[in-house]
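File shown: upload_34.pdb (PDB, C-alpha atoms and all ligand atoms).
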```pdb
ATOM      1  CA  MET A   1       0.000   0.000   0.000  1.00  0.00           C
ATOM      2  CA  SER A   2       1.453   3.365  -0.943  1.00  0.00           C
ATOM      3  CA  LEU A   3       0.014   5.958   1.351  1.00  0.00           C
ATOM      4  CA  ASP A   4       0.192   9.688   0.727  1.00  0.00           C
ATOM      5  CA  PRO A   5       2.072  11.487   3.573  1.00  0.00           C
ATOM      6  CA  LEU A   6      -0.696  14.109   3.539  1.00  0.00           C
ATOM      7  CA  GLU A   7      -3.246  11.396   4.342  1.00  0.00           C
ATOM      8  CA  PHE A   8      -1.022  10.243   7.202  1.00  0.00           C
ATOM      9  CA  ARG A   9      -0.910  13.841   8.483  1.00  0.00           C
ATOM     10  CA  ARG A  10      -4.685  14.144   8.129  1.00  0.00           C
ATOM     11  CA  ALA A  11      -5.162  10.991  10.178  1.00  0.00           C
ATOM     12  CA  MET A  12      -2.649  11.981  12.856  1.00  0.00           C
ATOM     13  CA  GLY A  13      -4.226  15.453  12.953  1.00  0.00           C
ATOM     14  CA  CYS A  14      -7.233  13.770  14.589  1.00  0.00           C
ATOM     15  CA  PHE A  15      -5.006  13.003  17.558  1.00  0.00           C
ATOM     16  CA  ALA A  16      -5.501  16.290  19.437  1.00  0.00           C
ATOM     17  CA  THR A  17      -2.416  17.418  21.319  1.00  0.00           C
ATOM     18  CA  GLY A  18      -1.128  20.230  23.432  1.00  0.00           C
ATOM     19  CA  VAL A  19       1.574  22.506  22.062  1.00  0.00           C
ATOM     20  CA  THR A  20       5.053  22.984  23.509  1.00  0.00           C
ATOM     21  CA  ILE A  21       8.065  25.163  22.933  1.00  0.00           C
ATOM     22  CA  ILE A  22      11.368  23.287  23.167  1.00  0.00           C
ATOM     23  CA  THR A  23      13.940  25.735  24.536  1.00  0.00           C
ATOM     24  CA  VAL A  24      17.717  25.525  24.332  1.00  0.00           C
ATOM     25  CA  ASP A  25      20.361  27.928  25.593  1.00  0.00           C
ATOM     26  CA  LEU A  26      22.772  28.994  22.859  1.00  0.00           C
ATOM     27  CA  GLU A  27      25.546  30.945  24.548  1.00  0.00           C
ATOM     28  CA  GLY A  28      23.080  33.163  26.369  1.00  0.00           C
ATOM     29  CA  GLU A  29      20.547  33.389  23.506  1.00  0.00           C
ATOM     30  CA  VAL A  30      17.228  31.532  23.629  1.00  0.00           C
ATOM     31  CA  HIS A  31      16.478  29.141  20.768  1.00  0.00           C
ATOM     32  CA  GLY A  32      12.913  27.845  20.667  1.00  0.00           C
ATOM     33  CA  MET A  33      10.971  25.408  18.513  1.00  0.00           C
ATOM     34  CA  THR A  34       7.250  24.668  18.481  1.00  0.00           C
ATOM     35  CA  ALA A  35       6.645  20.941  18.952  1.00  0.00           C
ATOM     36  CA  ASN A  36       3.658  18.687  19.528  1.00  0.00           C
ATOM     37  CA  ALA A  37       5.401  15.327  18.921  1.00  0.00           C
ATOM     38  CA  VAL A  38       6.096  15.130  22.643  1.00  0.00           C
ATOM     39  CA  ALA A  39       5.133  12.265  24.925  1.00  0.00           C
ATOM     40  CA  SER A  40       5.678  10.887  28.370  1.00  0.00           C
ATOM     41  CA  VAL A  41       7.792   7.673  28.213  1.00  0.00           C
ATOM     42  CA  SER A  42       8.634   6.320  31.682  1.00  0.00           C
ATOM     43  CA  LEU A  43       8.028   7.009  35.373  1.00  0.00           C
ATOM     44  CA  ASP A  44      11.092   5.161  36.677  1.00  0.00           C
ATOM     45  CA  PRO A  45      13.258   6.815  35.603  1.00  0.00           C
ATOM     46  CA  LEU A  46      11.276   9.904  34.564  1.00  0.00           C
ATOM     47  CA  LEU A  47      11.616  10.076  30.787  1.00  0.00           C
ATOM     48  CA  LEU A  48       9.951  11.977  27.978  1.00  0.00           C
ATOM     49  CA  LEU A  49      10.474  12.052  24.224  1.00  0.00           C
ATOM     50  CA  VAL A  50      10.356  14.672  21.532  1.00  0.00           C
ATOM     51  CA  CYS A  51      10.579  13.916  17.796  1.00  0.00           C
ATOM     52  CA  VAL A  52      12.539  16.516  15.822  1.00  0.00           C
ATOM     53  CA  ASP A  53      12.891  16.855  12.047  1.00  0.00           C
ATOM     54  CA  HIS A  54      16.459  16.417  10.815  1.00  0.00           C
ATOM     55  CA  ALA A  55      16.030  19.705   8.926  1.00  0.00           C
ATOM     56  CA  ALA A  56      15.178  21.733  12.051  1.00  0.00           C
ATOM     57  CA  ARG A  57      17.968  23.829  13.542  1.00  0.00           C
ATOM     58  CA  THR A  58      16.858  22.518  16.935  1.00  0.00           C
ATOM     59  CA  HIS A  59      18.005  19.044  15.871  1.00  0.00           C
ATOM     60  CA  ALA A  60      21.679  20.062  15.943  1.00  0.00           C
ATOM     61  CA  HIS A  61      21.192  22.162  19.077  1.00  0.00           C
ATOM     62  CA  LEU A  62      19.761  19.229  21.084  1.00  0.00           C
ATOM     63  CA  HIS A  63      22.645  16.993  20.018  1.00  0.00           C
ATOM     64  CA  ALA A  64      25.182  19.689  20.924  1.00  0.00           C
ATOM     65  CA  LYS A  65      23.704  20.978  24.197  1.00  0.00           C
ATOM     66  CA  LYS A  66      22.130  17.780  25.557  1.00  0.00           C
ATOM     67  CA  ARG A  67      19.905  19.886  27.793  1.00  0.00           C
ATOM     68  CA  PHE A  68      16.577  21.488  26.948  1.00  0.00           C
ATOM     69  CA  GLY A  69      13.284  22.679  28.356  1.00  0.00           C
ATOM     70  CA  VAL A  70       9.757  21.633  27.386  1.00  0.00           C
ATOM     71  CA  ASN A  71       7.280  24.477  27.934  1.00  0.00           C
ATOM     72  CA  ILE A  72       3.601  23.479  27.650  1.00  0.00           C
ATOM     73  CA  LEU A  73       1.669  26.441  26.258  1.00  0.00           C
ATOM     74  CA  SER A  74      -1.418  28.036  27.754  1.00  0.00           C
ATOM     75  CA  GLU A  75      -4.378  28.990  25.572  1.00  0.00           C
ATOM     76  CA  ARG A  76      -3.147  32.598  25.540  1.00  0.00           C
ATOM     77  CA  GLN A  77       0.209  31.699  23.973  1.00  0.00           C
ATOM     78  CA  ARG A  78      -0.771  30.950  20.367  1.00  0.00           C
ATOM     79  CA  PRO A  79       1.381  33.859  19.053  1.00  0.00           C
ATOM     80  CA  ILE A  80       4.381  32.242  20.745  1.00  0.00           C
ATOM     81  CA  SER A  81       3.638  28.920  19.058  1.00  0.00           C
ATOM     82  CA  GLU A  82       3.342  30.656  15.685  1.00  0.00           C
ATOM     83  CA  TYR A  83       6.555  32.595  16.251  1.00  0.00           C
ATOM     84  CA  TYR A  84       8.651  29.527  17.033  1.00  0.00           C
ATOM     85  CA  ALA A  85       7.132  27.458  14.206  1.00  0.00           C
ATOM     86  CA  LYS A  86       8.565  29.785  11.553  1.00  0.00           C
ATOM     87  CA  PRO A  87      11.828  28.490  10.096  1.00  0.00           C
ATOM     88  CA  ALA A  88      15.077  30.353   9.579  1.00  0.00           C
ATOM     89  CA  ARG A  89      14.441  33.363  11.721  1.00  0.00           C
ATOM     90  CA  THR A  90      16.549  34.644  14.539  1.00  0.00           C
ATOM     91  CA  HIS A  91      14.732  34.720  17.832  1.00  0.00           C
ATOM     92  CA  GLY A  92      15.961  38.104  19.043  1.00  0.00           C
ATOM     93  CA  ARG A  93      12.516  39.763  18.812  1.00  0.00           C
ATOM     94  CA  ALA A  94      10.470  37.042  20.505  1.00  0.00           C
ATOM     95  CA  GLU A  95       9.246  39.399  23.222  1.00  0.00           C
ATOM     96  CA  GLN A  96       8.303  42.273  20.881  1.00  0.00           C
ATOM     97  CA  GLU A  97       6.694  40.044  18.229  1.00  0.00           C
ATOM     98  CA  ALA A  98       5.096  37.275  20.302  1.00  0.00           C
ATOM     99  CA  GLY A  99       5.253  38.314  23.945  1.00  0.00           C
ATOM    100  CA  ALA A 100       7.693  35.521  24.849  1.00  0.00           C
ATOM    101  CA  ARG A 101       9.741  36.272  27.957  1.00  0.00           C
ATOM    102  CA  PHE A 102      12.147  33.869  29.623  1.00  0.00           C
ATOM    103  CA  ASP A 103      13.866  33.253  32.910  1.00  0.00           C
ATOM    104  CA  ARG A 104      16.692  30.743  33.395  1.00  0.00           C
ATOM    105  CA  THR A 105      16.648  27.602  35.467  1.00  0.00           C
ATOM    106  CA  ALA A 106      19.568  26.772  37.778  1.00  0.00           C
ATOM    107  CA  GLN A 107      21.025  24.813  34.825  1.00  0.00           C
ATOM    108  CA  GLY A 108      20.707  27.845  32.533  1.00  0.00           C
ATOM    109  CA  THR A 109      17.855  26.463  30.415  1.00  0.00           C
ATOM    110  CA  PRO A 110      15.339  29.084  29.199  1.00  0.00           C
ATOM    111  CA  ILE A 111      11.943  28.778  30.925  1.00  0.00           C
ATOM    112  CA  LEU A 112       8.990  30.551  29.307  1.00  0.00           C
ATOM    113  CA  HIS A 113       6.877  32.942  31.374  1.00  0.00           C
ATOM    114  CA  GLY A 114       3.202  32.008  31.599  1.00  0.00           C
ATOM    115  CA  ALA A 115       3.481  28.428  30.310  1.00  0.00           C
ATOM    116  CA  LEU A 116       1.196  25.854  31.950  1.00  0.00           C
ATOM    117  CA  ALA A 117       4.086  23.560  32.781  1.00  0.00           C
ATOM    118  CA  TYR A 118       7.841  23.409  32.381  1.00  0.00           C
ATOM    119  CA  LEU A 119      10.014  20.275  32.284  1.00  0.00           C
ATOM    120  CA  GLU A 120      13.791  20.493  32.622  1.00  0.00           C
ATOM    121  CA  CYS A 121      15.326  17.773  30.441  1.00  0.00           C
ATOM    122  CA  ARG A 122      18.745  16.146  30.110  1.00  0.00           C
ATOM    123  CA  LEU A 123      19.261  14.171  26.908  1.00  0.00           C
ATOM    124  CA  GLN A 124      19.696  10.451  27.424  1.00  0.00           C
ATOM    125  CA  THR A 125      19.416   8.862  23.970  1.00  0.00           C
ATOM    126  CA  ALA A 126      18.740   9.921  20.397  1.00  0.00           C
ATOM    127  CA  GLU A 127      17.360   7.433  17.894  1.00  0.00           C
ATOM    128  CA  ASP A 128      16.998   8.260  14.208  1.00  0.00           C
ATOM    129  CA  ALA A 129      13.575   7.321  12.848  1.00  0.00           C
ATOM    130  CA  GLY A 130      13.058   8.196   9.189  1.00  0.00           C
ATOM    131  CA  ASP A 131      13.420  11.935   8.654  1.00  0.00           C
ATOM    132  CA  HIS A 132      13.083  12.670  12.396  1.00  0.00           C
ATOM    133  CA  THR A 133      15.099  11.815  15.501  1.00  0.00           C
ATOM    134  CA  ILE A 134      13.454  10.635  18.712  1.00  0.00           C
ATOM    135  CA  PHE A 135      15.210  12.451  21.555  1.00  0.00           C
ATOM    136  CA  ILE A 136      14.611  10.725  24.902  1.00  0.00           C
ATOM    137  CA  ALA A 137      15.486  12.775  27.951  1.00  0.00           C
ATOM    138  CA  GLU A 138      15.492  12.419  31.699  1.00  0.00           C
ATOM    139  CA  VAL A 139      13.214  14.923  33.417  1.00  0.00           C
ATOM    140  CA  GLU A 140      15.113  16.587  36.258  1.00  0.00           C
ATOM    141  CA  ASP A 141      12.606  19.172  37.422  1.00  0.00           C
ATOM    142  CA  VAL A 142       9.101  20.433  36.704  1.00  0.00           C
ATOM    143  CA  VAL A 143       7.018  23.543  37.322  1.00  0.00           C
ATOM    144  CA  VAL A 144       3.204  23.344  37.049  1.00  0.00           C
ATOM    145  CA  ARG A 145       0.844  26.339  36.933  1.00  0.00           C
ATOM    146  CA  GLN A 146      -2.917  26.907  36.739  1.00  0.00           C
ATOM    147  CA  GLY A 147      -4.714  27.552  33.456  1.00  0.00           C
ATOM    148  CA  ASP A 148      -6.047  25.974  30.276  1.00  0.00           C
ATOM    149  CA  PRO A 149      -3.937  24.627  27.395  1.00  0.00           C
ATOM    150  CA  LEU A 150      -3.456  25.626  23.797  1.00  0.00           C
ATOM    151  CA  LEU A 151      -4.543  22.656  21.642  1.00  0.00           C
ATOM    152  CA  PHE A 152      -3.700  21.544  18.101  1.00  0.00           C
ATOM    153  CA  PHE A 153      -6.299  19.516  16.200  1.00  0.00           C
ATOM    154  CA  ARG A 154      -6.737  18.829  12.465  1.00  0.00           C
ATOM    155  CA  GLY A 155      -4.023  21.347  11.653  1.00  0.00           C
ATOM    156  CA  ASN A 156      -5.611  24.195  13.635  1.00  0.00           C
ATOM    157  CA  TYR A 157      -5.168  25.758  17.026  1.00  0.00           C
ATOM    158  CA  ARG A 158      -8.026  25.215  19.472  1.00  0.00           C
ATOM    159  CA  LYS A 159      -8.969  25.963  23.027  1.00  0.00           C
ATOM    160  CA  ILE A 160     -10.905  23.731  25.410  1.00  0.00           C
ATOM    161  CA  GLY A 161     -14.596  24.438  24.881  1.00  0.00           C
ATOM    162  CA  ASP A 162     -14.227  25.571  21.242  1.00  0.00           C
ATOM    163  CA  ASN A 163     -17.003  24.195  19.112  1.00  0.00           C
ATOM    164  CA  THR A 164     -16.408  24.816  15.422  1.00  0.00           C
ATOM    165  CA  GLY A 165     -18.411  21.792  14.244  1.00  0.00           C
ATOM    166  CA  ASP A 166     -15.461  19.883  12.683  1.00  0.00           C
TER
HETATM  167  C1  LIG B   1       1.671  22.953  16.161  1.00  0.00           C
HETATM  168  C2  LIG B   1       3.037  22.617  15.608  1.00  0.00           C
HETATM  169  C3  LIG B   1       3.699  21.496  16.072  1.00  0.00           C
HETATM  170  C4  LIG B   1       4.967  21.149  15.570  1.00  0.00           C
HETATM  171  N1  LIG B   1       5.594  20.042  16.069  1.00  0.00           N
HETATM  172  C5  LIG B   1       6.818  19.715  15.626  1.00  0.00           C
HETATM  173  C6  LIG B   1       7.490  18.581  16.169  1.00  0.00           C
HETATM  174  O1  LIG B   1       7.000  17.911  17.067  1.00  0.00           O
HETATM  175  N2  LIG B   1       8.720  18.274  15.665  1.00  0.00           N
HETATM  176  C7  LIG B   1       9.314  19.019  14.678  1.00  0.00           C
HETATM  177  O2  LIG B   1      10.433  18.687  14.273  1.00  0.00           O
HETATM  178  N3  LIG B   1       8.703  20.122  14.159  1.00  0.00           N
HETATM  179  C8  LIG B   1       7.481  20.484  14.616  1.00  0.00           C
HETATM  180  N4  LIG B   1       6.854  21.599  14.125  1.00  0.00           N
HETATM  181  C9  LIG B   1       7.534  22.396  13.113  1.00  0.00           C
HETATM  182  C10 LIG B   1       8.643  23.285  13.708  1.00  0.00           C
HETATM  183  O3  LIG B   1       8.130  24.101  14.750  1.00  0.00           O
HETATM  184  C11 LIG B   1       9.226  24.191  12.600  1.00  0.00           C
HETATM  185  O4  LIG B   1       9.743  23.385  11.559  1.00  0.00           O
HETATM  186  C12 LIG B   1      10.306  25.135  13.110  1.00  0.00           C
HETATM  187  O5  LIG B   1      10.485  26.133  12.136  1.00  0.00           O
HETATM  188  C13 LIG B   1      11.658  24.481  13.362  1.00  0.00           C
HETATM  189  O6  LIG B   1      12.478  25.484  13.905  1.00  0.00           O
HETATM  190  P1  LIG B   1      14.069  25.399  13.946  1.00  0.00           P
HETATM  191  O7  LIG B   1      14.546  25.166  12.531  1.00  0.00           O
HETATM  192  O8  LIG B   1      14.497  26.739  14.502  1.00  0.00           O
HETATM  193  O9  LIG B   1      14.447  24.272  14.856  1.00  0.00           O
HETATM  194  C14 LIG B   1       5.583  21.950  14.588  1.00  0.00           C
HETATM  195  C15 LIG B   1       4.906  23.095  14.119  1.00  0.00           C
HETATM  196  C16 LIG B   1       3.653  23.416  14.630  1.00  0.00           C
HETATM  197  C17 LIG B   1       2.946  24.651  14.114  1.00  0.00           C
END
```
So, in terms of structure tokens, how does the structure I just supplied come out?
Amino acid sequence: MSLDPLEFRRAMGCFATGVTIITVDLEGEVHGMTANAVASVSLDPLLLLVCVDHAARTHAHLHAKKRFGVNILSERQRPISEYYAKPARTHGRAEQEAGARFDRTAQGTPILHGALAYLECRLQTAEDAGDHTIFIAEVEDVVVRQGDPLLFFRGNYRKIGDNTGD
């Protein structure tokens, strides 16, 4: 069976997800990437995974830095998701253009203001899978806040309670 990748995307688009920003420190600058191919893997030890396209700049950064943050977006942070989903831009105007502000964790990883949750990750293994790599990381710390999530469903952003009749 030869299946069109677009059909695969259409099918997987039915699997509603949250939206995250993967953050990496690059010599004091914040690099971010919007990602929804994120999943919990193990409780003992605490592991999560993120799948990153070989073509994404973040791919090289995760290999090089081996430490990153996963910031789970709130429903008010759609502009931040859109900002970090655009390729080949520098991220110097993230605050002016998308309202993204960051603090640093004790390890120096950028942590996004206003995100619903933050997970501090240390890379454990990286497994190539087709045109993506599955990065599996140990979770060293978390921060959890109140609020509702930004969702991604059938290729569109949603909020809990939206009813567009799809
Ligand atoms: C909602 C959403 C989810 C995304 N999830 C992923 C993902 O899980 N993995 C990935 O490699 N790219 C994902 N992308 C695409 C990247 O955000 C996009 O290619 C980005 O420009 C890569 O940035 P970089 O080259 O600076 O790393 C997603 C985009 C959107 C809008």
List all protein, DNA and RNA residues that have an atom no more than 8 Å from any atom of ligand LIG 1 (chain B), counting only C-alpha atoms and all ligand atoms, and report them as a compact mmCIF listing (two decimals) with C-alpha atoms, in the frame of the given file.
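File written: selection30.txt
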```txt
# COMPACT_ATOMS: atom_id res chain seq x y z
CA VAL A 19 1.57 22.51 22.06
CA THR A 20 5.05 22.98 23.51
CA HIS A 31 16.48 29.14 20.77
CA GLY A 32 12.91 27.84 20.67
CA MET A 33 10.97 25.41 18.51
CA THR A 34 7.25 24.67 18.48
CA ALA A 35 6.64 20.94 18.95
CA ASN A 36 3.66 18.69 19.53
CA ALA A 37 5.40 15.33 18.92
CA VAL A 38 6.10 15.13 22.64
CA VAL A 50 10.36 14.67 21.53
CA CYS A 51 10.58 13.92 17.80
CA VAL A 52 12.54 16.52 15.82
CA ASP A 53 12.89 16.86 12.05
CA HIS A 54 16.46 16.42 10.82
CA ALA A 55 16.03 19.70 8.93
CA ALA A 56 15.18 21.73 12.05
CA ARG A 57 17.97 23.83 13.54
CA THR A 58 16.86 22.52 16.93
CA HIS A 59 18.00 19.04 15.87
CA SER A 81 3.64 28.92 19.06
CA GLU A 82 3.34 30.66 15.68
CA TYR A 84 8.65 29.53 17.03
CA ALA A 85 7.13 27.46 14.21
CA LYS A 86 8.56 29.78 11.55
CA PRO A 87 11.83 28.49 10.10
CA ALA A 88 15.08 30.35 9.58
CA ARG A 89 14.44 33.36 11.72
CA HIS A 132 13.08 12.67 12.40
CA PHE A 152 -3.70 21.54 18.10
CA GLY A 155 -4.02 21.35 11.65
CA ASN A 156 -5.61 24.20 13.64
CA TYR A 157 -5.17 25.76 17.03
```
| the PyMOL selection byres (((chain A and resi 63) around 12) and not hetatm) applied to the shown file, residues as a PyMOL selection string | chain A and resi 24+52+54+56-62+64-68+122-128+133-137
Just write the chosen residues, C-alpha atoms, as an mmCIF file, keeping the file's coordinate frame.
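Below you can see part16.cif, which holds the result:
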```cif
data_model
loop_
_atom_site.group_PDB
_atom_site.id
_atom_site.type_symbol
_atom_site.label_atom_id
_atom_site.label_comp_id
_atom_site.auth_asym_id
_atom_site.auth_seq_id
_atom_site.Cartn_x
_atom_site.Cartn_y
_atom_site.Cartn_z
ATOM 1 C CA VAL A 24 17.717 25.525 24.332
ATOM 2 C CA VAL A 52 12.539 16.516 15.822
ATOM 3 C CA HIS A 54 16.459 16.417 10.815
ATOM 4 C CA ALA A 56 15.178 21.733 12.051
ATOM 5 C CA ARG A 57 17.968 23.829 13.542
ATOM 6 C CA THR A 58 16.858 22.518 16.935
ATOM 7 C CA HIS A 59 18.005 19.044 15.871
ATOM 8 C CA ALA A 60 21.679 20.062 15.943
ATOM 9 C CA HIS A 61 21.192 22.162 19.077
ATOM 10 C CA LEU A 62 19.761 19.229 21.084
ATOM 11 C CA ALA A 64 25.182 19.689 20.924
ATOM 12 C CA LYS A 65 23.704 20.978 24.197
ATOM 13 C CA LYS A 66 22.130 17.780 25.557
ATOM 14 C CA ARG A 67 19.905 19.886 27.793
ATOM 15 C CA PHE A 68 16.577 21.488 26.948
ATOM 16 C CA ARG A 122 18.745 16.146 30.110
ATOM 17 C CA LEU A 123 19.261 14.171 26.908
ATOM 18 C CA GLN A 124 19.696 10.451 27.424
ATOM 19 C CA THR A 125 19.416 8.862 23.970
ATOM 20 C CA ALA A 126 18.740 9.921 20.397
ATOM 21 C CA GLU A 127 17.360 7.433 17.894
ATOM 22 C CA ASP A 128 16.998 8.260 14.208
ATOM 23 C CA THR A 133 15.099 11.815 15.501
ATOM 24 C CA ILE A 134 13.454 10.635 18.712
ATOM 25 C CA PHE A 135 15.210 12.451 21.555
ATOM 26 C CA ILE A 136 14.611 10.725 24.902
ATOM 27 C CA ALA A 137 15.486 12.775 27.951
#
```
Return as AutoDock Vina command-line options the centre and edge lengths, in Å with one decimal, of the box along x, y and z that encloses every atom of range 54-72 of chain A in the file, padded by 6 Å per side.
```
--center_x 14.4 --center_y 20.4 --center_z 18.6 --size_x 33.6 --size_y 20.1 --size_z 31.4
```
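Here the PyMOL selection byres (((chain A and resi 12) around 12) and not hetatm) matches the residues Pro5, Leu6, Glu7, Phe8, Arg9, Arg10, Ala11, Gly13, Cys14, Phe15, Ala16, Thr17, Asn36, Ala37, Phe152, Phe153, Arg154 and Gly155 of chain A.
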Go ahead and save the residues from that selection, with C-alpha atoms, as a PDB file, in the frame of the given file.
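File produced: selection_3.pdb:
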```pdb
ATOM      1  CA  PRO A   5       2.072  11.487   3.573  1.00  0.00           C
ATOM      2  CA  LEU A   6      -0.696  14.109   3.539  1.00  0.00           C
ATOM      3  CA  GLU A   7      -3.246  11.396   4.342  1.00  0.00           C
ATOM      4  CA  PHE A   8      -1.022  10.243   7.202  1.00  0.00           C
ATOM      5  CA  ARG A   9      -0.910  13.841   8.483  1.00  0.00           C
ATOM      6  CA  ARG A  10      -4.685  14.144   8.129  1.00  0.00           C
ATOM      7  CA  ALA A  11      -5.162  10.991  10.178  1.00  0.00           C
ATOM      8  CA  GLY A  13      -4.226  15.453  12.953  1.00  0.00           C
ATOM      9  CA  CYS A  14      -7.233  13.770  14.589  1.00  0.00           C
ATOM     10  CA  PHE A  15      -5.006  13.003  17.558  1.00  0.00           C
ATOM     11  CA  ALA A  16      -5.501  16.290  19.437  1.00  0.00           C
ATOM     12  CA  THR A  17      -2.416  17.418  21.319  1.00  0.00           C
ATOM     13  CA  ASN A  36       3.658  18.687  19.528  1.00  0.00           C
ATOM     14  CA  ALA A  37       5.401  15.327  18.921  1.00  0.00           C
ATOM     15  CA  PHE A 152      -3.700  21.544  18.101  1.00  0.00           C
ATOM     16  CA  PHE A 153      -6.299  19.516  16.200  1.00  0.00           C
ATOM     17  CA  ARG A 154      -6.737  18.829  12.465  1.00  0.00           C
ATOM     18  CA  GLY A 155      -4.023  21.347  11.653  1.00  0.00           C
TER      19      GLY A 155
END
```
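Take the candidates A:Gly92, A:Gly18, A:Gly28, A:Gly99 and check each one against Ala117 in chain A using only C-alpha atoms; the shortest distance goes to A:Gly18.
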| remark: Taken to one decimal, the CA of Arg104 in chain A-CA of Leu119 in chain A distance is 12.5 Å
| request: For the structure provided, state which residues fall under the PyMOL selection byres (((chain A and resi 145) around 9) and not hetatm), and present them as JSON, numbers by chain. | output: {"A": [114, 115, 116, 117, 118, 143, 144, 146, 147]}
| Close residues, Gly69 in chain A itself excluded, 8 Å, all atoms listed in the file, min 6 positions apart in chain, as a ChimeraX atom specification | /A:21-24,109-111,118-121
| message | So the first atom is CA of Arg76 in chain A and the second is CA of Arg101 in chain A; what is the distance between them in Å, to one decimal place? | response | 13.6 Å
| request: Would you list the contacts of Ile160 in chain A as a PyMOL selection string, taking every protein, DNA or RNA residue within 8 Å and counting all atoms listed in the file, but skipping same-chain residues closer than 2 positions in sequence? | output: chain A and resi 148-151+158+162
| message | Could you list, as JSON, numbers by chain, every residue within 12 Å of Ser42 in chain A, counting only C-alpha atoms and ignoring same-chain residues fewer than 4 positions away? | response | {"A": [46, 47, 48, 49, 136, 137, 138, 139]}
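Pairwise distance (CA of Arg78 in chain A, CA of Val41 in chain A) equals 26.0 Å.
Residue nearest Thr105 in chain A, chosen from A:Val142, A:Leu3, A:Leu73, A:Ile80 and counting only C-alpha atoms: A:Val142.
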